[in-house]
Amino acid sequence: MRHCKIILLIALNFCINKSFCQTRFTDVTTASGINHVFKVYEGMFGGGACVIDFNKDGLEDVYITGGMNDDMLYKNNGNGTFTNVFEKSGMLVTKNFVTQGVTGADVNRDGLVDLFITTITRRDKPEIIPRAINLLFLNNGNGTFRDATKEYGLDQIFSFSTSASFGDFNADGWPDLYVGNYFNEYKGKLSVINDNTVVEANQIAKGNLLLNEKGKKFRDVYSDYGLEYRGFGFGGIFTDFDNDGDQDLFVNHDFGYKRTPDMLLENHFPRKKFTDVAKEKGMDLKINSMGTAVGDYNNDGLMDYYMTNIKFNYFMVNQGAGKPFINKAPELGMQFFAISWGANFADFDNDGDVDLFVANGDLNPNCVAMANFYFENMGGKFEDHARAIGLADYGISRGSVVFDYDNDGDLDLLVVNQEPVIADYPVPSVTKLFRNDSTRGNWIKIILKGVDAESHGIGSKIEVEAGGRKMIREIDGGASSIFSQSSVIAHFGLGDAKKIDKITIYWTGGNKQTIINVSINQTITITEIPEKKSNHLFIYLLAGLAVLTILFIVWRKRK
């Protein structure tokens, strides 16, 4: 009996230390009312989700693409459930297309988040690739959207598009777009894409770098900014990798070992130019690069990048100015074989460092079941606890998003799964919502309202100092998973910190703003106070003082 007690105590201690005894995520898909599955067109690609508070009620909703199925717009009811309001959304034209990815931003700066949806072909009359357009929907503010594709000049761009990402690469406050494209032409079936078909493919595609012209239209400036690269594009993400205050662009390319590797495009703002520095930075990855997660895993103020792949994923750690990135996946405990797609850095356990979720799924119709990963950050190294905490789902996963749908201060997770092409897939493969039931750790959520910067803070960085730590988040505009966009509300786990010493906002465009002594366990909104307005006021005061001085001198002389 004594030996049994010792063994039990050892096991209990192991579970407490390794977090193996408590399932911290609960599958609430059915209870939430979410009933979605992505249906592929011929195979492999899609789909994604976008977190959006489309009706501005303080509850985060979610739009999910359907591929050959209809898209869905799930309204958050505030009681743990969602209602699909797609049929009355004004976006029914998507039923004519095979939708893939989705991302959102305030395109016309009216305070409402609009949606951009990528497609690969039409459902109503399939065309030879790439005879399809991507779709832009402007938010009407009454729970509906209107199709603004033609109005913004996007009906003239035919493509086979995967992921899209909003950013502000010219720092004018108007959200721009990068769209990843896979083919310029392809006549075969997508289910039989392999190395041979890729080698023979001459029509690999350029991306689209779409400049937002003051909320009136988009113009493709890819060539204007010195870019002529082509590749099997799975999208890209705007990110400030070098901390110089402008948004650079990392581009994921499939079949990088056969054709075009990944690209790291350095922004030379205010010059209208991007330069590929991937080779010198060690980021020209020759892999099947699907998606990218961005986060500062060791709280050193530098953004690190996790790239999903077929076989083994890459974790490219930022070494700082003048140094290349280094793949530290093996030494940090992340070297596992899989076919991975979506990935999200987030502090799921509110302990002050970011963890990593990875969505895995075989090529459809191969359909070999493989579980997702949950890499918990254990003081700078990672351990996969997916099975222990309820996230080892075996669906055919693609895009994934994080958001606090129940507003309880921890981050929940939605994973978009595909319907298997084969009939005997071993488990149900449907889109899943996982509620985070963690109880430890304080937190803060920060909503940004840009004035000169993008109105929801896309492209800006937030630094929080609390409990002896400095933590940073970058507000991205999509494709930080794949085909998807997570919440733009910045979330920080604070561990046992009792207050926040300082919050610093590095707004896109160069403005810096600081707030001190902030209470924990709350959601706050920070509105930009543009420096230039303060400068203008100062100039006006000086000018007024000068005028008064001159008038006083004139008056004294006359007297």
# chains A, B, ... in the order shown; residues from 1 in each chain; ligands from 1

$ residues_around --residues "Asp353 in chain A" --least-positions-apart "2" --cutoff "9 Å" --atoms "only C-alpha atoms" --output "list in words"
Asp296, Tyr297, Asn298, Asn299, Ala346, Asp347, Phe348, Asp349, Asn350, Asp351, Asp355, Asn377, Met378, Gly379, Gly380, Met471, Phe492, Gly493, Leu494 and Gly495 of chain A

$ residues_around --residues "Glu280 in chain A" --least-positions-apart "2" --cutoff "12 Å" --atoms "only C-alpha atoms" --output "list in words"
Met263, Leu264, Leu265, Glu266, Thr275, Asp276, Val277, Ala278, Gly282, Met283, Asp284, Leu285, Ala321, Gly322, Lys323, Pro324, Phe325 and Ile326 of chain A

$ atom_distance --atom1 "CA of Glu465 in chain A" --atom2 "CA of Gly409 in chain A"
18.1 Å

$ residues_around --residues "Asn55 in chain A" --least-positions-apart "3" --cutoff "10 Å" --atoms "only C-alpha atoms" --output "JSON, numbers by chain"
{"A": [52, 58, 59, 60, 61, 75, 76, 112, 113, 139, 140, 141, 142, 143, 144]}

$ closest_atom_pairs --of "range 40-113 of chain A" --to "range 175-178 of chain A" --cutoff "9 Å" --atoms "only C-alpha atoms" --output "Markdown table"
| residue | atom | partner | partner_atom | distance |
| --- | --- | --- | --- | --- |
| A:Ala105 | CA | A:Pro175 | CA | 6.8 |
| A:Asp106 | CA | A:Pro175 | CA | 7.0 |
| A:Val107 | CA | A:Pro175 | CA | 5.9 |
| A:Asn108 | CA | A:Pro175 | CA | 8.5 |
| A:Arg109 | CA | A:Pro175 | CA | 8.8 |

$ write_last_selection --atoms "N, CA and C atoms" --output "PDB file, in the first residue's frame"
ATOM      1  N   ALA A 105     -10.744  44.152 -42.612  1.00  0.00           N
ATOM      2  CA  ALA A 105     -10.174  45.437 -42.202  1.00  0.00           C
ATOM      3  C   ALA A 105     -11.175  46.531 -42.554  1.00  0.00           C
ATOM      4  N   ASP A 106     -10.945  47.710 -42.010  1.00  0.00           N
ATOM      5  CA  ASP A 106     -11.824  48.855 -42.275  1.00  0.00           C
ATOM      6  C   ASP A 106     -11.334  49.552 -43.546  1.00  0.00           C
ATOM      7  N   VAL A 107     -11.762  49.035 -44.683  1.00  0.00           N
ATOM      8  CA  VAL A 107     -11.243  49.474 -45.983  1.00  0.00           C
ATOM      9  C   VAL A 107     -11.511  50.948 -46.245  1.00  0.00           C
ATOM     10  N   ASN A 108     -12.700  51.432 -45.888  1.00  0.00           N
ATOM     11  CA  ASN A 108     -13.065  52.821 -46.186  1.00  0.00           C
ATOM     12  C   ASN A 108     -13.073  53.715 -44.949  1.00  0.00           C
ATOM     13  N   ARG A 109     -12.518  53.228 -43.849  1.00  0.00           N
ATOM     14  CA  ARG A 109     -12.333  53.994 -42.622  1.00  0.00           C
ATOM     15  C   ARG A 109     -13.637  54.613 -42.101  1.00  0.00           C
TER      16      ARG A 109
END

$ select_by_dssp --residues "range 295-536 of chain A" --states "helix (DSSP H, G or I)" --output "number ranges by chain"
A: 386-389, 531-536

$ write_last_selection --atoms "N, CA, C and O atoms" --output "compact mmCIF listing (two decimals), in the first residue's frame"
# COMPACT_ATOMS: atom_id res chain seq x y z
N ALA A 386 -1.13 18.40 -26.65
CA ALA A 386 -2.44 18.43 -27.32
C ALA A 386 -3.38 17.34 -26.81
O ALA A 386 -4.55 17.60 -26.53
N ARG A 387 -2.87 16.13 -26.67
CA ARG A 387 -3.74 15.05 -26.22
C ARG A 387 -4.20 15.27 -24.78
O ARG A 387 -5.36 15.04 -24.43
N ALA A 388 -3.29 15.76 -23.94
CA ALA A 388 -3.61 15.92 -22.52
C ALA A 388 -4.65 17.01 -22.27
O ALA A 388 -5.41 16.92 -21.31
N ILE A 389 -4.69 18.03 -23.14
CA ILE A 389 -5.59 19.17 -22.85
C ILE A 389 -6.78 19.23 -23.80
O ILE A 389 -7.52 20.20 -23.80
N GLU A 531 0.85 62.38 -32.84
CA GLU A 531 1.88 63.34 -32.48
C GLU A 531 1.82 64.58 -33.34
O GLU A 531 2.04 65.69 -32.87
N LYS A 532 1.51 64.37 -34.61
CA LYS A 532 1.56 65.52 -35.51
C LYS A 532 0.51 66.57 -35.15
O LYS A 532 0.72 67.75 -35.34
N LYS A 533 -0.62 66.11 -34.57
CA LYS A 533 -1.63 67.09 -34.15
C LYS A 533 -1.12 67.88 -32.96
O LYS A 533 -1.33 69.08 -32.86
N SER A 534 -0.44 67.17 -32.06
CA SER A 534 0.17 67.87 -30.93
C SER A 534 1.21 68.85 -31.42
O SER A 534 1.31 69.97 -30.93
N ASN A 535 1.99 68.42 -32.43
CA ASN A 535 3.01 69.31 -32.98
C ASN A 535 2.38 70.52 -33.64
O ASN A 535 2.88 71.65 -33.51
N HIS A 536 1.28 70.28 -34.35
CA HIS A 536 0.59 71.40 -34.99
C HIS A 536 0.09 72.40 -33.95
O HIS A 536 0.21 73.62 -34.13

$ select_by_dssp --residues "range 89-280 of chain A" --states "strand (DSSP E or B)" --output "VMD selection string"
chain A and resid 97 to 105 114 to 122 129 133 135 to 139 145 to 147 158 160 to 167 176 to 183 186 204 to 205 208 to 212 218 to 220 231 to 239 248 to 254 263 to 267 274 to 276

$ closest_residue --among "A:Arg219, A:Ala49, A:Pro330, A:Gln247" --to "Gly478 in chain A" --atoms "only C-alpha atoms"
A:Ala49

$ closest_residue --among "A:Asn79, A:Glu419, A:Glu213, A:Lys273" --to "Lys39 in chain A" --atoms "only C-alpha atoms"
A:Glu419

$ atom_distance --atom1 "CA of Gln485 in chain A" --atom2 "CA of Gly67 in chain A"
16.9 Å

$ closest_residue --among "A:Asp424, A:Thr239, A:Phe86, A:Arg24" --to "His385 in chain A" --atoms "only C-alpha atoms"
A:Arg24

$ closest_residue --among "A:Val402, A:Ala164, A:Ile204, A:Ile117" --to "Ala343 in chain A" --atoms "only C-alpha atoms"
A:Val402

$ residues_around --residues "Asn181 in chain A" --least-positions-apart "5" --cutoff "7 Å" --atoms "only C-alpha atoms" --output "PyMOL selection string"
chain A and resi 159-162+205-207+232-234

$ closest_residue --among "A:Gly459, A:Gly509, A:Gly291, A:Gly301" --to "Asn252 in chain A" --atoms "only C-alpha atoms"
A:Gly291

$ residues_around --residues "Asp437 in chain A" --least-positions-apart "3" --cutoff "9 Å" --atoms "only C-alpha atoms" --output "list of chain:residue names"
A:Thr23, A:Arg24, A:Phe25, A:Thr26, A:Asp410, A:Asp412

$ residues_around --residues "Val221 in chain A" --least-positions-apart "2" --cutoff "9 Å" --atoms "only C-alpha atoms" --output "ChimeraX atom specification"
/A:208-211,219,223-227

$ decode --residues "range 122-134 of chain A" --atoms "all heavy atoms" --output "short mmCIF file (atom, residue, chain, number, x, y, z; two decimals), in the first residue's frame"
data_model
loop_
_atom_site.label_atom_id
_atom_site.label_comp_id
_atom_site.auth_asym_id
_atom_site.auth_seq_id
_atom_site.Cartn_x
_atom_site.Cartn_y
_atom_site.Cartn_z
N ARG A 122 -15.24 29.15 -60.09
CA ARG A 122 -16.66 29.35 -59.87
C ARG A 122 -17.35 28.02 -59.60
O ARG A 122 -16.95 26.98 -60.11
CB ARG A 122 -17.29 30.03 -61.08
CG ARG A 122 -16.76 31.42 -61.38
CD ARG A 122 -17.54 32.07 -62.52
NE ARG A 122 -18.91 32.37 -62.14
CZ ARG A 122 -19.34 33.57 -61.72
NH1 ARG A 122 -18.48 34.57 -61.60
NH2 ARG A 122 -20.59 33.77 -61.41
N ARG A 123 -18.39 28.07 -58.79
CA ARG A 123 -19.22 26.89 -58.55
C ARG A 123 -20.32 26.77 -59.59
O ARG A 123 -20.72 25.67 -59.96
CB ARG A 123 -19.86 26.97 -57.17
CG ARG A 123 -18.94 26.63 -56.03
CD ARG A 123 -19.53 27.05 -54.69
NE ARG A 123 -20.81 26.44 -54.39
CZ ARG A 123 -21.55 26.73 -53.33
NH1 ARG A 123 -21.12 27.64 -52.45
NH2 ARG A 123 -22.71 26.13 -53.12
N ASP A 124 -20.85 27.92 -60.04
CA ASP A 124 -22.00 27.89 -60.95
C ASP A 124 -21.60 27.48 -62.36
O ASP A 124 -22.37 26.84 -63.08
CB ASP A 124 -22.72 29.24 -60.96
CG ASP A 124 -21.79 30.41 -61.25
OD1 ASP A 124 -20.56 30.20 -61.26
OD2 ASP A 124 -22.30 31.53 -61.45
N LYS A 125 -20.39 27.83 -62.79
CA LYS A 125 -19.90 27.45 -64.12
C LYS A 125 -18.38 27.37 -64.06
O LYS A 125 -17.69 28.33 -64.41
CB LYS A 125 -20.36 28.44 -65.18
CG LYS A 125 -20.14 29.90 -64.82
CD LYS A 125 -20.58 30.82 -65.95
CE LYS A 125 -20.31 32.28 -65.58
NZ LYS A 125 -20.70 33.21 -66.65
N PRO A 126 -17.84 26.23 -63.60
CA PRO A 126 -16.38 26.10 -63.43
C PRO A 126 -15.61 26.49 -64.68
O PRO A 126 -15.97 26.11 -65.80
CB PRO A 126 -16.21 24.62 -63.10
CG PRO A 126 -17.51 24.22 -62.49
CD PRO A 126 -18.55 25.01 -63.22
N GLU A 127 -14.57 27.29 -64.48
CA GLU A 127 -13.75 27.79 -65.58
C GLU A 127 -12.35 27.22 -65.49
O GLU A 127 -11.92 26.74 -64.44
CB GLU A 127 -13.67 29.33 -65.50
CG GLU A 127 -15.01 30.04 -65.49
CD GLU A 127 -15.44 30.46 -66.88
OE1 GLU A 127 -14.74 30.10 -67.84
OE2 GLU A 127 -16.46 31.14 -66.99
N ILE A 128 -11.63 27.27 -66.60
CA ILE A 128 -10.21 26.93 -66.55
C ILE A 128 -9.52 27.93 -65.65
O ILE A 128 -9.71 29.14 -65.78
CB ILE A 128 -9.60 26.96 -67.97
CG1 ILE A 128 -10.21 25.87 -68.83
CG2 ILE A 128 -8.08 26.79 -67.90
CD1 ILE A 128 -9.76 25.92 -70.28
N ILE A 129 -8.73 27.41 -64.73
CA ILE A 129 -8.01 28.28 -63.81
C ILE A 129 -7.16 29.26 -64.60
O ILE A 129 -6.50 28.87 -65.55
CB ILE A 129 -7.15 27.41 -62.86
CG1 ILE A 129 -8.07 26.59 -61.95
CG2 ILE A 129 -6.19 28.25 -62.04
CD1 ILE A 129 -7.37 25.51 -61.18
N PRO A 130 -7.17 30.55 -64.29
CA PRO A 130 -7.67 31.20 -63.08
C PRO A 130 -8.88 32.09 -63.31
O PRO A 130 -8.91 33.21 -62.80
CB PRO A 130 -6.46 32.04 -62.68
CG PRO A 130 -5.97 32.56 -64.01
CD PRO A 130 -6.28 31.50 -65.02
N ARG A 131 -9.85 31.68 -64.06
CA ARG A 131 -10.94 32.57 -64.43
C ARG A 131 -11.93 32.79 -63.29
O ARG A 131 -13.10 32.41 -63.34
CB ARG A 131 -11.66 32.04 -65.66
CG ARG A 131 -10.75 31.88 -66.88
CD ARG A 131 -10.07 33.16 -67.27
NE ARG A 131 -11.03 34.15 -67.71
CZ ARG A 131 -10.71 35.39 -68.05
NH1 ARG A 131 -9.44 35.79 -67.96
NH2 ARG A 131 -11.62 36.24 -68.45
N ALA A 132 -11.45 33.40 -62.20
CA ALA A 132 -12.33 33.78 -61.09
C ALA A 132 -11.77 35.04 -60.46
O ALA A 132 -10.59 35.35 -60.59
CB ALA A 132 -12.43 32.65 -60.06
N ILE A 133 -12.64 35.75 -59.77
CA ILE A 133 -12.24 36.98 -59.10
C ILE A 133 -12.36 36.79 -57.59
O ILE A 133 -13.10 35.92 -57.12
CB ILE A 133 -13.11 38.18 -59.54
CG1 ILE A 133 -14.59 37.90 -59.25
CG2 ILE A 133 -12.88 38.51 -61.00
CD1 ILE A 133 -15.52 39.07 -59.51
N ASN A 134 -11.62 37.58 -56.85
CA ASN A 134 -11.81 37.65 -55.41
C ASN A 134 -12.90 38.68 -55.09
O ASN A 134 -13.25 39.50 -55.94
CB ASN A 134 -10.50 38.01 -54.71
CG ASN A 134 -9.44 36.95 -54.93
OD1 ASN A 134 -9.71 35.75 -54.81
ND2 ASN A 134 -8.23 37.37 -55.26
#
